[in-house]
file final29.cif (mmCIF, C-alpha atoms)
data_start
loop_
_atom_site.label_atom_id
_atom_site.label_comp_id
_atom_site.auth_asym_id
_atom_site.auth_seq_id
_atom_site.Cartn_x
_atom_site.Cartn_y
_atom_site.Cartn_z
CA MET A 1 8.46 -22.10 -7.09
CA ARG A 2 5.17 -22.41 -5.19
CA VAL A 3 4.30 -19.18 -3.37
CA ALA A 4 1.60 -18.59 -0.76
CA VAL A 5 0.33 -15.00 -0.90
CA THR A 6 -1.77 -13.85 2.04
CA GLY A 7 -4.06 -11.00 1.06
CA GLY A 8 -3.73 -12.16 -2.53
CA GLY A 9 -7.16 -10.82 -3.45
CA GLY A 10 -6.26 -7.24 -2.60
CA PHE A 11 -4.82 -4.44 -4.72
CA LEU A 12 -1.14 -5.31 -4.23
CA GLY A 13 -1.71 -9.00 -3.59
CA SER A 14 -3.52 -9.61 -6.86
CA HIS A 15 -0.79 -7.86 -8.83
CA LEU A 16 1.81 -10.00 -7.06
CA CYS A 17 -0.15 -13.17 -7.85
CA GLU A 18 -0.34 -12.11 -11.49
CA ALA A 19 3.39 -11.38 -11.72
CA LEU A 20 4.31 -14.73 -10.17
CA LEU A 21 1.95 -16.64 -12.48
CA ARG A 22 3.32 -14.78 -15.49
CA ARG A 23 6.85 -15.95 -14.77
CA GLY A 24 5.77 -19.57 -14.29
CA ASP A 25 5.38 -19.92 -10.51
CA GLU A 26 2.51 -21.67 -8.76
CA VAL A 27 0.45 -19.44 -6.48
CA VAL A 28 -1.77 -20.14 -3.48
CA CYS A 29 -3.86 -17.06 -2.72
CA LEU A 30 -5.19 -16.79 0.85
CA ASP A 31 -7.86 -14.16 1.50
CA ASP A 32 -11.13 -13.68 3.36
CA PHE A 33 -12.02 -10.75 1.05
CA SER A 34 -12.84 -8.46 3.97
CA THR A 35 -11.03 -5.70 2.06
CA GLY A 36 -9.97 -7.58 -1.07
CA ASP A 37 -12.09 -8.03 -4.18
CA PRO A 38 -12.82 -11.43 -5.75
CA ALA A 39 -12.87 -9.70 -9.14
CA ASN A 40 -9.13 -9.03 -8.78
CA ILE A 41 -8.28 -12.72 -8.96
CA ALA A 42 -11.17 -13.90 -11.14
CA PRO A 43 -8.98 -14.06 -14.28
CA PHE A 44 -6.63 -16.51 -12.55
CA LEU A 45 -9.22 -19.03 -11.36
CA GLY A 46 -8.98 -21.15 -14.50
CA ASP A 47 -5.20 -21.36 -14.30
CA PRO A 48 -4.06 -24.76 -12.93
CA ALA A 49 -1.08 -22.98 -11.35
CA PHE A 50 -3.41 -20.86 -9.19
CA GLU A 51 -5.23 -21.98 -6.04
CA LEU A 52 -7.59 -19.91 -3.89
CA VAL A 53 -7.95 -20.61 -0.17
CA ARG A 54 -10.66 -18.55 1.50
CA GLY A 55 -10.13 -17.80 5.15
CA ASP A 56 -8.93 -15.39 7.84
CA VAL A 57 -5.17 -15.76 8.31
CA SER A 58 -5.55 -14.38 11.83
CA LEU A 59 -7.27 -17.67 12.70
CA SER A 60 -5.13 -20.12 10.73
CA VAL A 61 -3.01 -20.51 7.61
CA GLU A 62 -3.44 -23.93 6.06
CA VAL A 63 -1.87 -24.77 2.70
CA SER A 64 -1.68 -28.29 1.35
CA GLY A 65 1.34 -29.40 -0.63
CA THR A 66 4.75 -27.82 -0.76
CA VAL A 67 5.44 -24.14 -0.11
CA ASP A 68 8.68 -22.53 -1.26
CA ALA A 69 7.90 -18.95 -0.25
CA VAL A 70 5.32 -16.98 1.72
CA ALA A 71 4.46 -13.35 0.95
CA HIS A 72 2.46 -11.89 3.84
CA LEU A 73 0.42 -9.00 2.49
CA ALA A 74 -2.83 -9.56 4.39
CA SER A 75 -3.97 -6.46 6.27
CA PRO A 76 -6.38 -3.58 5.97
CA ALA A 77 -4.18 -0.85 4.48
CA SER A 78 -6.24 2.26 3.75
CA PRO A 79 -7.23 4.58 6.62
CA PRO A 80 -11.01 3.98 6.29
CA ASP A 81 -10.39 0.23 6.46
CA TYR A 82 -8.12 0.10 9.48
CA LEU A 83 -10.12 2.77 11.32
CA ALA A 84 -13.27 0.71 10.75
CA ARG A 85 -11.51 -2.58 11.66
CA PRO A 86 -9.05 -1.69 14.44
CA LEU A 87 -9.10 -5.05 16.22
CA GLU A 88 -8.93 -7.00 12.98
CA THR A 89 -5.96 -4.88 11.88
CA LEU A 90 -4.10 -5.60 15.11
CA ALA A 91 -5.00 -9.29 14.84
CA VAL A 92 -3.68 -9.76 11.32
CA GLY A 93 -0.49 -7.88 12.21
CA SER A 94 0.10 -10.13 15.22
CA ARG A 95 -1.63 -13.52 15.03
CA GLY A 96 -1.88 -13.40 11.24
CA THR A 97 1.82 -12.68 10.89
CA GLU A 98 2.75 -15.49 13.25
CA ASN A 99 0.49 -17.95 11.42
CA ALA A 100 2.15 -17.01 8.14
CA LEU A 101 5.60 -17.32 9.75
CA LEU A 102 4.71 -20.76 11.10
CA LEU A 103 3.68 -21.83 7.60
CA ALA A 104 7.06 -20.70 6.26
CA ALA A 105 8.91 -22.38 9.13
CA ARG A 106 7.10 -25.70 8.60
CA HIS A 107 8.13 -25.76 4.95
CA ASP A 108 11.60 -24.23 5.40
CA ALA A 109 10.34 -21.54 3.03
CA ARG A 110 11.36 -17.96 2.37
CA PHE A 111 9.09 -15.47 4.20
CA VAL A 112 8.62 -11.85 3.09
CA LEU A 113 6.65 -9.42 5.22
CA ALA A 114 4.94 -6.53 3.48
CA SER A 115 5.48 -3.81 6.06
CA THR A 116 4.86 -0.12 5.47
CA SER A 117 6.33 3.35 5.55
CA GLU A 118 3.80 3.99 8.32
CA VAL A 119 6.32 2.44 10.74
CA TYR A 120 8.15 5.76 10.41
CA GLY A 121 5.04 7.65 11.60
CA ASP A 122 5.26 11.41 11.12
CA PRO A 123 9.01 11.31 10.48
CA GLU A 124 11.51 13.75 11.96
CA VAL A 125 14.16 12.51 9.50
CA HIS A 126 13.91 13.12 5.76
CA PRO A 127 14.16 11.14 3.56
CA GLN A 128 13.44 8.02 5.58
CA HIS A 129 16.29 5.50 5.74
CA GLU A 130 15.78 1.97 7.03
CA THR A 131 17.96 2.79 10.05
CA TYR A 132 15.45 5.41 11.25
CA TRP A 133 13.34 4.13 14.17
CA GLY A 134 10.33 6.33 13.51
CA HIS A 135 8.13 8.87 15.28
CA VAL A 136 4.84 7.10 15.99
CA ASN A 137 1.99 7.88 18.37
CA PRO A 138 1.24 4.45 19.92
CA ILE A 139 -2.30 5.39 21.00
CA GLY A 140 -3.36 7.70 18.16
CA PRO A 141 -6.08 6.81 15.63
CA ARG A 142 -3.51 5.51 13.13
CA SER A 143 -1.74 3.40 15.75
CA VAL A 144 -3.74 0.25 15.08
CA TYR A 145 -2.09 0.03 11.67
CA ASP A 146 1.28 1.59 12.50
CA GLU A 147 1.86 -0.50 15.60
CA ALA A 148 0.49 -3.69 14.03
CA LYS A 149 3.15 -3.38 11.34
CA ARG A 150 5.89 -2.47 13.81
CA PHE A 151 4.99 -5.54 15.87
CA SER A 152 4.92 -7.72 12.75
CA GLU A 153 8.44 -6.54 11.92
CA ALA A 154 9.63 -7.41 15.43
CA LEU A 155 7.98 -10.83 15.21
CA THR A 156 9.50 -11.49 11.80
CA GLN A 157 12.95 -10.57 13.07
CA ALA A 158 12.50 -12.77 16.14
CA TYR A 159 11.67 -15.77 13.97
CA ARG A 160 14.81 -15.09 11.93
CA THR A 161 17.19 -14.70 14.88
CA ASN A 162 15.69 -17.29 17.23
CA ARG A 163 14.30 -19.95 14.90
CA GLY A 164 16.44 -19.51 11.82
CA THR A 165 13.49 -18.75 9.53
CA ASN A 166 14.53 -17.25 6.20
CA THR A 167 12.75 -13.92 6.52
CA GLY A 168 12.80 -10.57 4.76
CA ILE A 169 11.01 -7.28 5.42
CA VAL A 170 9.99 -4.70 2.84
CA ARG A 171 8.61 -1.31 3.83
CA ILE A 172 6.15 -0.20 1.19
CA PHE A 173 5.58 3.47 0.48
CA ASN A 174 2.52 4.94 -1.28
CA THR A 175 1.61 2.72 -4.21
CA TYR A 176 -1.07 3.27 -6.83
CA GLY A 177 -2.41 1.77 -10.04
CA PRO A 178 -5.24 -0.31 -11.50
CA ARG A 179 -7.36 -2.38 -9.08
CA MET A 180 -7.33 0.26 -6.37
CA ARG A 181 -10.79 0.44 -4.88
CA PRO A 182 -12.48 3.73 -5.81
CA HIS A 183 -13.82 4.20 -2.28
CA ASP A 184 -10.74 3.24 -0.27
CA GLY A 185 -9.89 6.79 0.80
CA ARG A 186 -6.32 6.87 -0.52
CA VAL A 187 -5.27 10.09 -2.11
CA VAL A 188 -4.66 8.86 -5.67
CA SER A 189 -7.87 6.88 -6.00
CA SER A 190 -9.91 9.62 -4.34
CA PHE A 191 -8.49 12.36 -6.57
CA VAL A 192 -8.95 10.33 -9.76
CA VAL A 193 -12.52 9.33 -8.94
CA GLN A 194 -13.48 12.84 -7.85
CA ALA A 195 -11.90 14.40 -10.93
CA LEU A 196 -13.60 11.99 -13.34
CA ALA A 197 -16.95 12.66 -11.64
CA GLN A 198 -16.41 16.44 -11.67
CA GLU A 199 -16.59 16.39 -7.87
CA PRO A 200 -14.42 18.66 -5.66
CA LEU A 201 -11.05 17.11 -4.86
CA THR A 202 -10.59 16.62 -1.10
CA VAL A 203 -7.31 18.08 0.20
CA TYR A 204 -6.48 17.85 3.90
CA GLY A 205 -4.55 20.63 5.58
CA ASP A 206 -2.95 23.18 3.25
CA GLY A 207 -1.90 20.57 0.69
CA LYS A 208 1.80 21.26 1.22
CA GLN A 209 2.40 17.89 2.84
CA THR A 210 4.39 15.61 0.57
CA ARG A 211 4.13 12.02 -0.56
CA SER A 212 6.08 9.77 -2.93
CA PHE A 213 4.06 7.61 -5.30
CA CYS A 214 5.22 4.28 -6.73
CA TYR A 215 3.39 2.58 -9.60
CA VAL A 216 2.18 -0.88 -8.70
CA ASP A 217 4.19 -2.73 -11.37
CA ASP A 218 7.41 -1.27 -9.98
CA LEU A 219 6.46 -2.12 -6.42
CA VAL A 220 5.64 -5.73 -7.30
CA ARG A 221 9.01 -6.13 -9.04
CA GLY A 222 10.59 -5.19 -5.73
CA ILE A 223 8.58 -7.74 -3.76
CA VAL A 224 9.44 -10.47 -6.27
CA ALA A 225 13.12 -9.54 -6.03
CA MET A 226 12.88 -9.86 -2.25
CA LEU A 227 11.21 -13.28 -2.54
CA ASP A 228 14.08 -14.44 -4.75
CA HIS A 229 16.76 -13.09 -2.38
CA ASP A 230 17.96 -13.98 1.11
CA GLU A 231 18.13 -10.31 2.13
CA PRO A 232 16.71 -9.85 5.67
CA GLY A 233 15.86 -6.18 5.30
CA PRO A 234 14.15 -4.02 6.14
CA VAL A 235 14.26 -2.60 2.63
CA ASN A 236 12.31 0.46 1.54
CA LEU A 237 10.30 0.07 -1.68
CA GLY A 238 8.92 3.27 -3.14
CA ASN A 239 9.51 6.02 -5.63
CA PRO A 240 11.73 8.78 -4.20
CA VAL A 241 10.18 11.49 -6.40
CA GLU A 242 8.41 13.74 -3.90
CA LEU A 243 5.21 15.68 -4.67
CA THR A 244 3.00 17.88 -2.57
CA VAL A 245 -0.62 16.83 -2.36
CA LEU A 246 -1.54 19.98 -4.28
CA GLN A 247 0.88 19.08 -7.08
CA LEU A 248 -0.74 15.65 -7.29
CA ALA A 249 -4.18 17.27 -7.46
CA GLU A 250 -3.03 19.55 -10.30
CA LEU A 251 -1.61 16.61 -12.21
CA VAL A 252 -4.79 14.54 -11.84
CA LEU A 253 -6.93 17.45 -13.01
CA ASP A 254 -4.66 17.95 -16.00
CA LEU A 255 -4.63 14.28 -17.00
CA THR A 256 -8.39 13.90 -16.64
CA GLY A 257 -9.24 17.26 -18.21
CA SER A 258 -11.54 17.78 -15.25
CA GLN A 259 -13.02 21.14 -14.30
CA ALA A 260 -13.44 20.04 -10.69
CA GLU A 261 -12.56 22.34 -7.82
CA ILE A 262 -10.39 21.71 -4.78
CA GLN A 263 -11.74 21.83 -1.23
CA PHE A 264 -9.63 22.05 1.90
CA HIS A 265 -10.48 20.07 5.03
CA SER A 266 -8.97 19.67 8.47
CA LEU A 267 -5.76 17.69 8.62
CA PRO A 268 -6.30 14.25 10.23
CA VAL A 269 -4.58 13.50 13.54
CA ASP A 270 -0.97 12.29 13.16
CA ASP A 271 -1.04 12.72 9.38
CA PRO A 272 2.61 12.74 8.17
CA THR A 273 3.83 16.05 6.79
CA ARG A 274 6.62 14.58 4.65
CA ARG A 275 7.16 11.10 3.30
CA ARG A 276 9.92 9.99 0.91
CA PRO A 277 11.89 6.75 0.82
CA ALA A 278 15.64 6.42 0.67
CA ILE A 279 16.07 3.48 -1.72
CA ALA A 280 19.85 3.01 -1.88
CA ARG A 281 19.56 -0.28 0.02
CA ALA A 282 17.02 -1.65 -2.49
CA ALA A 283 19.26 -0.61 -5.38
CA GLN A 284 22.42 -2.07 -3.88
CA ARG A 285 21.06 -5.33 -2.48
CA LEU A 286 18.15 -6.15 -4.81
CA GLY A 287 19.15 -4.29 -7.96
CA TRP A 288 15.76 -2.57 -7.79
CA SER A 289 14.61 0.93 -8.64
CA PRO A 290 11.31 2.30 -9.95
CA GLU A 291 10.94 2.77 -13.69
CA VAL A 292 7.44 4.19 -14.24
CA GLY A 293 7.15 7.97 -13.93
CA ILE A 294 4.26 9.60 -12.12
CA GLU A 295 2.59 10.97 -15.27
CA ASP A 296 2.74 7.65 -17.08
CA GLY A 297 1.53 5.73 -14.05
CA LEU A 298 -1.29 8.15 -13.33
CA ARG A 299 -2.37 8.05 -16.98
CA ARG A 300 -2.70 4.26 -16.81
CA THR A 301 -4.58 4.56 -13.53
CA VAL A 302 -6.96 7.18 -14.89
CA GLU A 303 -7.70 5.01 -17.93
CA TRP A 304 -8.49 2.04 -15.69
CA PHE A 305 -10.87 4.02 -13.48
CA ALA A 306 -12.48 5.74 -16.48
CA SER A 307 -13.42 2.32 -17.87
CA ARG A 308 -15.50 1.66 -14.74
CA PRO A 309 -18.12 4.43 -14.54
CA ASP A 310 -20.52 2.34 -12.45
CA ASP A 311 -17.86 1.78 -9.79
CA ILE A 312 -17.09 5.49 -9.72
CA ALA A 313 -20.75 6.40 -9.30
CA ALA A 314 -21.14 3.90 -6.47
CA ALA A 315 -18.07 5.24 -4.66
CA LEU A 316 -18.92 8.93 -4.70
CA SER A 317 -20.95 9.03 -1.51
CA ALA A 318 -18.06 7.41 0.38
CA ILE A 319 -15.38 9.84 -0.80
CA ARG A 320 -17.37 13.05 -1.16
CA GLY A 321 -16.17 15.87 1.08
CA GLY A 322 -14.10 15.57 4.24
CA GLN A 323 -14.66 11.96 5.22
CA GLN A 324 -12.54 12.30 8.34
CA ASP A 325 -13.86 15.58 9.67
CA GLY A 326 -16.99 16.58 7.74
CA VAL A 327 -16.02 20.26 7.81
CA VAL A 328 -14.54 22.35 5.01
CA THR A 329 -11.90 24.60 6.58
CA ALA A 330 -11.28 26.85 3.60
CA ALA A 331 -13.37 28.00 0.70
CA SER A 332 -13.47 25.89 -2.44
CA CYS A 333 -11.35 27.28 -5.23
CA ARG A 334 -10.00 26.46 -8.65
CA VAL A 335 -6.64 24.73 -8.67
CA GLY A 336 -4.86 27.76 -10.14
CA GLU A 337 -6.20 29.91 -7.31
CA THR A 338 -5.26 27.23 -4.79
CA VAL A 339 -1.64 27.18 -5.90
CA ALA A 340 -1.47 30.94 -5.81
CA ALA A 341 -2.84 30.96 -2.27
CA ALA A 342 -0.47 28.22 -1.15
CA SER A 343 2.68 29.59 -2.68
#

call {"tool": "encode", "arguments": {"input": "final29.cif", "output": "structure tokens"}}
result
Amino acid sequence: MRVAVTGGGGFLGSHLCEALLRRGDEVVCLDDFSTGDPANIAPFLGDPAFELVRGDVSLSVEVSGTVDAVAHLASPASPPDYLARPLETLAVGSRGTENALLLAARHDARFVLASTSEVYGDPEVHPQHETYWGHVNPIGPRSVYDEAKRFSEALTQAYRTNRGTNTGIVRIFNTYGPRMRPHDGRVVSSFVVQALAQEPLTVYGDGKQTRSFCYVDDLVRGIVAMLDHDEPGPVNLGNPVELTVLQLAELVLDLTGSQAEIQFHSLPVDDPTRRRPAIARAAQRLGWSPEVGIEDGLRRTVEWFASRPDDIAAALSAIRGGQQDGVVTAASCRVGETVAAAS
């Protein structure tokens, strides 16, 4: 199978390219590297089954030769990225998605959209099932990402129902692992980098908000399963084990052996208070469920970051303190004292 992967130079995209190459597929990676990293795909450049096409998919998607499947992952995904690139985020969710859909339609290829749990917004239903329509602020600071993905889902469904394109939608929940950028502002990468550097860990709000964390290898298995299937979706992909942000901070400190403190900062606008996927549909229709536990996955992630001290040092200024508010709202404290205060 020959698969076009938009955003193939990013964190998830590069892992997907690697998994497809490993099983014998040909891969065309499309990326302008506005948020991706050329180092992620550097090991594949000598592989005759791998092709790199540099360019902005919001402008055009051109692939020579046959295409059997299209995986559309291109988009800024971390809050600092989509807040810094609001128009680009909306463009790749709209024009970029349609360009990728047109590529699939021209080749009668399978199309899989990498959507997000952000379509659920700050959910009023827990856990989040695919039938839930969401609770999203359409003009809030996060809306450029949330609404771009909601529109891309609507566009994907329209191509399926009106043009007969073989489409599928996956909604990706928090994913972590090697190749995350140390400065991307996501909670796992920020905590790991801060802990390894003995810098205070940045916790927004009281830390009682919850997230569910899926290791990247598990997530990619789900995307591959969707590429191989004719399931239309949407299908949630994520690990249903729910942790508070404070529990994650404790675990990172334990795994790194760090003596870093925790600092509390103001909660960002529209930040979800609870987030956990219902994955029965993925299990029933794709035969998929996560296999890597949070401790094992975090240990692998810590080892990867620890092997890159120069990258950690370069990222510290970007992730130090409350990047989104600049004000510490509670005194710094040791993690044991934090848990006592929060319980």

call {"tool": "residues_near_point", "arguments": {"input": "final29.cif", "point": "(-13.6, -10.7, -7.4)", "cutoff": "12 Å", "atoms": "all atoms listed in the file", "output": "count of residues only"}}
result
23

call {"tool": "residues_around", "arguments": {"input": "final29.cif", "residues": "A:Val67", "least_positions_apart": "4", "cutoff": "8 Å", "atoms": "only C-alpha atoms", "output": "MDAnalysis selection string"}}
result
chainID A and resid 1:4 63 104 107 109

call {"tool": "write_last_selection", "arguments": {"input": "final29.cif", "atoms": "C-alpha atoms", "output": "CSV table (one decimal), keeping the file's coordinate frame"}}
result
chain,number,residue,atom,x,y,z
A,1,MET,CA,8.5,-22.1,-7.1
A,2,ARG,CA,5.2,-22.4,-5.2
A,3,VAL,CA,4.3,-19.2,-3.4
A,4,ALA,CA,1.6,-18.6,-0.8
A,63,VAL,CA,-1.9,-24.8,2.7
A,104,ALA,CA,7.1,-20.7,6.3
A,107,HIS,CA,8.1,-25.8,5.0
A,109,ALA,CA,10.3,-21.5,3.0

call {"tool": "closest_residue", "arguments": {"input": "final29.cif", "among": "A:Thr175, A:Ser317, A:Ser75, A:Thr273", "to": "A:Thr89", "atoms": "all atoms listed in the file"}}
result
A:Ser75

call {"tool": "resolve_selection", "arguments": {"input": "final29.cif", "expression": "the PyMOL selection byres ((chain A and resi 133) around 10)", "output": "ChimeraX atom specification"}}
result
/A:119-121,123,125,128-132,134-136,150

call {"tool": "closest_residue", "arguments": {"input": "final29.cif", "among": "A:Ile312, A:Leu286, A:Ala74, A:Ala225", "to": "A:Ala19", "atoms": "only C-alpha atoms"}}
result
A:Ala225

call {"tool": "closest_atom_pairs", "arguments": {"input": "final29.cif", "of": "stretch 89-182 of chain A", "to": "stretch 195-218 of chain A", "cutoff": "8 Å", "atoms": "all atoms listed in the file", "output": "JSON lines"}}
result
{"residue": "A:Phe173", "atom": "CA", "partner": "A:Ser212", "partner_atom": "CA", "distance": 7.2}
{"residue": "A:Asn174", "atom": "CA", "partner": "A:Phe213", "partner_atom": "CA", "distance": 5.1}
{"residue": "A:Thr175", "atom": "CA", "partner": "A:Cys214", "partner_atom": "CA", "distance": 4.7}
{"residue": "A:Tyr176", "atom": "CA", "partner": "A:Tyr215", "partner_atom": "CA", "distance": 5.3}
{"residue": "A:Gly177", "atom": "CA", "partner": "A:Val216", "partner_atom": "CA", "distance": 5.5}
{"residue": "A:Pro178", "atom": "CA", "partner": "A:Val216", "partner_atom": "CA", "distance": 8.0}

call {"tool": "atom_distance", "arguments": {"input": "final29.cif", "atom1": "atom CA of A:Arg221", "atom2": "atom CA of A:Asn239"}}
result
12.6 Å

call {"tool": "resolve_selection", "arguments": {"input": "final29.cif", "expression": "the PyMOL selection byres ((chain A and resi 110) around 8)", "output": "count of residues only"}}
result
14

call {"tool": "residues_around", "arguments": {"input": "final29.cif", "residues": "A:Gly93", "least_positions_apart": "6", "cutoff": "9 Å", "atoms": "all atoms listed in the file", "output": "PDB file with C-alpha atoms, in the frame of the given file"}}
result
ATOM      1  CA  SER A  58      -5.550 -14.380  11.830  1.00  0.00           C
ATOM      2  CA  ALA A  74      -2.830  -9.560   4.390  1.00  0.00           C
ATOM      3  CA  SER A  75      -3.970  -6.460   6.270  1.00  0.00           C
ATOM      4  CA  TYR A 145      -2.090   0.030  11.670  1.00  0.00           C
ATOM      5  CA  GLU A 147       1.860  -0.500  15.600  1.00  0.00           C
ATOM      6  CA  ALA A 148       0.490  -3.690  14.030  1.00  0.00           C
ATOM      7  CA  LYS A 149       3.150  -3.380  11.340  1.00  0.00           C
ATOM      8  CA  ARG A 150       5.890  -2.470  13.810  1.00  0.00           C
ATOM      9  CA  PHE A 151       4.990  -5.540  15.870  1.00  0.00           C
ATOM     10  CA  SER A 152       4.920  -7.720  12.750  1.00  0.00           C
TER      11      SER A 152
END

call {"tool": "atom_distance", "arguments": {"input": "final29.cif", "atom1": "atom CA of A:Thr97", "atom2": "atom CA of A:Glu153"}}
result
9.1 Å

call {"tool": "closest_residue", "arguments": {"input": "final29.cif", "among": "A:Glu295, A:Thr256, A:Gly238, A:Phe305", "to": "A:Ala280", "atoms": "all atoms listed in the file"}}
result
A:Gly238

call {"tool": "axis_aligned_box", "arguments": {"input": "final29.cif", "around": "stretch 111-118 of chain A", "padding_each_side": "3 Å", "output": "lines of an AutoDock Vina configuration file"}}
result
center_x = 6.4
center_y = -5.7
center_z = 5.7
size_x = 11.3
size_y = 25.5
size_z = 11.2

call {"tool": "closest_residue", "arguments": {"input": "final29.cif", "among": "A:Ser78, A:Arg275, A:Val57, A:Gly46", "to": "A:Thr244", "atoms": "all atoms listed in the file"}}
result
A:Arg275

call {"tool": "decode", "arguments": {"input": "final29.cif", "residues": "stretch 147-184 of chain A", "atoms": "C-alpha atoms", "output": "PDB file, in the first residue's frame"}}
result
ATOM      1  CA  GLU A 147     -13.507  24.639  15.338  1.00  0.00           C
ATOM      2  CA  ALA A 148     -10.963  23.862  12.616  1.00  0.00           C
ATOM      3  CA  LYS A 149     -11.195  20.200  13.595  1.00  0.00           C
ATOM      4  CA  ARG A 150     -14.979  20.276  13.904  1.00  0.00           C
ATOM      5  CA  PHE A 151     -15.187  21.778  10.413  1.00  0.00           C
ATOM      6  CA  SER A 152     -12.733  19.198   9.066  1.00  0.00           C
ATOM      7  CA  GLU A 153     -14.969  16.439  10.442  1.00  0.00           C
ATOM      8  CA  ALA A 154     -18.023  17.974   8.756  1.00  0.00           C
ATOM      9  CA  LEU A 155     -16.118  18.304   5.475  1.00  0.00           C
ATOM     10  CA  THR A 156     -14.890  14.716   5.681  1.00  0.00           C
ATOM     11  CA  GLN A 157     -18.406  13.457   6.303  1.00  0.00           C
ATOM     12  CA  ALA A 158     -19.752  15.538   3.417  1.00  0.00           C
ATOM     13  CA  TYR A 159     -17.237  13.997   1.024  1.00  0.00           C
ATOM     14  CA  ARG A 160     -18.313  10.547   2.215  1.00  0.00           C
ATOM     15  CA  THR A 161     -22.064  11.102   1.893  1.00  0.00           C
ATOM     16  CA  ASN A 162     -22.093  13.314  -1.206  1.00  0.00           C
ATOM     17  CA  ARG A 163     -19.116  12.100  -3.230  1.00  0.00           C
ATOM     18  CA  GLY A 164     -18.735   8.539  -2.026  1.00  0.00           C
ATOM     19  CA  THR A 165     -15.172   9.052  -0.762  1.00  0.00           C
ATOM     20  CA  ASN A 166     -13.986   6.261   1.515  1.00  0.00           C
ATOM     21  CA  THR A 167     -13.413   8.310   4.652  1.00  0.00           C
ATOM     22  CA  GLY A 168     -12.826   7.648   8.331  1.00  0.00           C
ATOM     23  CA  ILE A 169     -12.465   9.936  11.336  1.00  0.00           C
ATOM     24  CA  VAL A 170     -10.426   9.269  14.463  1.00  0.00           C
ATOM     25  CA  ARG A 171     -10.599  11.543  17.491  1.00  0.00           C
ATOM     26  CA  ILE A 172      -7.225  11.540  19.187  1.00  0.00           C
ATOM     27  CA  PHE A 173      -6.921  12.099  22.914  1.00  0.00           C
ATOM     28  CA  ASN A 174      -3.745  13.191  24.747  1.00  0.00           C
ATOM     29  CA  THR A 175      -0.792  11.310  23.299  1.00  0.00           C
ATOM     30  CA  TYR A 176       2.817  11.357  24.448  1.00  0.00           C
ATOM     31  CA  GLY A 177       6.154   9.701  23.760  1.00  0.00           C
ATOM     32  CA  PRO A 178       9.529  10.185  22.070  1.00  0.00           C
ATOM     33  CA  ARG A 179       9.826  12.965  19.459  1.00  0.00           C
ATOM     34  CA  MET A 180       7.596  15.362  21.351  1.00  0.00           C
ATOM     35  CA  ARG A 181       9.140  18.803  21.125  1.00  0.00           C
ATOM     36  CA  PRO A 182      10.469  19.895  24.526  1.00  0.00           C
ATOM     37  CA  HIS A 183       9.058  23.408  24.113  1.00  0.00           C
ATOM     38  CA  ASP A 184       5.619  22.566  22.717  1.00  0.00           C
TER      39      ASP A 184
END
